[in-house]
Amino acid sequence: MNGMYEKHGNRNYLGRSLPFIFHNDMLSGNKEMLAHWHENPEFLLCRSGKGQVLIASDWHSFEKGTLICVPPGELHRVVHNADETLRYDCLIVDVSFCNENGLTDTQMHFAAAPDDSIAAARFDDVAAACAAIDTPFAVLHIRAAVLQFLLYIAQHHAAPAGIKNDSATAEVKKVMLYVKNHYADPITLTQAAEIAGFSLYYFSHEFKRVTGVSFLHYLNSVRIERATTLLREGVGVTETCFQCGFHDLSYFSRTYKNLTGTVPSRVQP
């Protein structure tokens, strides 16, 4: 695995004794999630709407009641159907918690559970416990609920271990990391293909297969994501444009609107 694209340890855990992240997510309109990977197992339960989840270049249907399990290290992204709002809950469990409770790295690979009402109920128990974090014995309650959920998933939805990390995926990850760290620099499709060690055509095909989007769309999305952060921090539109790797203000504004639905001048600090 060529480094970690996202480290969940940089996000807010529920507490020192609760090495979990639990939150509600929503995708609608122009909002999108880029393909990424990280070190911890992640579990997604759809609450409403319809969409798909890409895991290791395979697409899975995602609708109300569907539970998706994302193993550590796997490239994944969630997309919503056009003109529909997708709402889902996300549970992230620190890999150290799994190991400490007898779940080894090779055992943290689970199949999706689209029609398992018991698995969904165990997930609901975790959600309810996290919502009551300020009540007495909340730490015990949450830890117990997560353990019960993990136990059930391990017993009933175990999948063969091993990241689906073919050579193309590994090289695509290398390019994604390069973009993440050098988005402000001039980056061409030809340069990206050279970093991957592929021909131009093969790279374009494999990048879209693995991530679900073209390389140019991915590059612009990373840049626009960073641009939004700068604009909200009060940085001017022109300065943001050049800091994020764009060299033409009109192209920046047009790309920003295409990907977000609004123009950068309307983003409020």
# chains A, B, ... in the order shown; residues from 1 in each chain; ligands from 1
>>> residues_around(residues="A:Ala119", least_positions_apart="3", cutoff="9 Å", atoms="only C-alpha atoms", output="JSON, numbers by chain")
{"A": [67, 113, 115, 116, 122, 123, 124, 149, 152, 153, 156]}
>>> write_last_selection(atoms="N, CA and C atoms", output="PDB file, in the first residue's frame")
ATOM      1  N   LEU A  67     -26.163  -2.337   4.376  1.00  0.00           N
ATOM      2  CA  LEU A  67     -24.952  -2.148   5.172  1.00  0.00           C
ATOM      3  C   LEU A  67     -23.749  -2.503   4.311  1.00  0.00           C
ATOM      4  N   ALA A 113     -23.866  -6.462   3.556  1.00  0.00           N
ATOM      5  CA  ALA A 113     -25.023  -7.145   4.147  1.00  0.00           C
ATOM      6  C   ALA A 113     -26.291  -6.391   3.772  1.00  0.00           C
ATOM      7  N   ASP A 115     -29.344  -7.284   2.991  1.00  0.00           N
ATOM      8  CA  ASP A 115     -30.671  -7.736   3.438  1.00  0.00           C
ATOM      9  C   ASP A 115     -30.644  -8.354   4.828  1.00  0.00           C
ATOM     10  N   ASP A 116     -29.646  -8.036   5.626  1.00  0.00           N
ATOM     11  CA  ASP A 116     -29.518  -8.612   6.962  1.00  0.00           C
ATOM     12  C   ASP A 116     -30.069  -7.635   7.992  1.00  0.00           C
ATOM     13  N   ARG A 122     -27.941  -4.257  14.842  1.00  0.00           N
ATOM     14  CA  ARG A 122     -26.725  -4.106  15.649  1.00  0.00           C
ATOM     15  C   ARG A 122     -26.098  -2.730  15.379  1.00  0.00           C
ATOM     16  N   PHE A 123     -26.122  -2.316  14.129  1.00  0.00           N
ATOM     17  CA  PHE A 123     -25.597  -0.994  13.773  1.00  0.00           C
ATOM     18  C   PHE A 123     -26.450   0.095  14.431  1.00  0.00           C
ATOM     19  N   ASP A 124     -27.769  -0.103  14.435  1.00  0.00           N
ATOM     20  CA  ASP A 124     -28.659   0.861  15.084  1.00  0.00           C
ATOM     21  C   ASP A 124     -28.369   0.973  16.576  1.00  0.00           C
ATOM     22  N   PHE A 149     -21.651  -5.510  17.515  1.00  0.00           N
ATOM     23  CA  PHE A 149     -21.770  -5.330  16.063  1.00  0.00           C
ATOM     24  C   PHE A 149     -20.634  -6.047  15.338  1.00  0.00           C
ATOM     25  N   TYR A 152     -21.007  -9.866  15.438  1.00  0.00           N
ATOM     26  CA  TYR A 152     -22.020 -10.388  14.516  1.00  0.00           C
ATOM     27  C   TYR A 152     -21.508 -10.356  13.069  1.00  0.00           C
ATOM     28  N   ILE A 153     -20.905  -9.237  12.675  1.00  0.00           N
ATOM     29  CA  ILE A 153     -20.400  -9.106  11.310  1.00  0.00           C
ATOM     30  C   ILE A 153     -19.313 -10.150  11.035  1.00  0.00           C
ATOM     31  N   HIS A 156     -20.976 -13.660  10.658  1.00  0.00           N
ATOM     32  CA  HIS A 156     -21.942 -13.906   9.589  1.00  0.00           C
ATOM     33  C   HIS A 156     -21.581 -13.308   8.235  1.00  0.00           C
TER      34      HIS A 156
END
>>> residues_around(residues="stretch 136-147 of chain A", least_positions_apart="5", cutoff="8 Å", atoms="only C-alpha atoms", output="ChimeraX atom specification")
/A:17-18,122-123,125-126,129-130
>>> residues_around(residues="stretch 211-216 of chain A", least_positions_apart="4", cutoff="8 Å", atoms="only C-alpha atoms", output="ChimeraX atom specification")
/A:34-35,54,57,75-77,189,204,207,220
>>> residues_around(residues="A:Gln243", least_positions_apart="2", cutoff="10 Å", atoms="only C-alpha atoms", output="ChimeraX atom specification")
/A:183-185,223,226-227,230,235,237-241,245-247
>>> select_by_dssp(residues="stretch 73-246 of chain A", states="helix (DSSP H, G or I)", output="ChimeraX atom specification")
/A:95-100,105-107,117-131,138-156,167-182,189-196,200-211,215-232,237-243
>>> atom_distance(atom1="atom CA of A:Leu44", atom2="atom CA of A:Cys90")
4.7 Å
>>> closest_residue(among="A:Arg87, A:His157, A:His205, A:His36", to="A:Met108", atoms="only C-alpha atoms")
A:His157
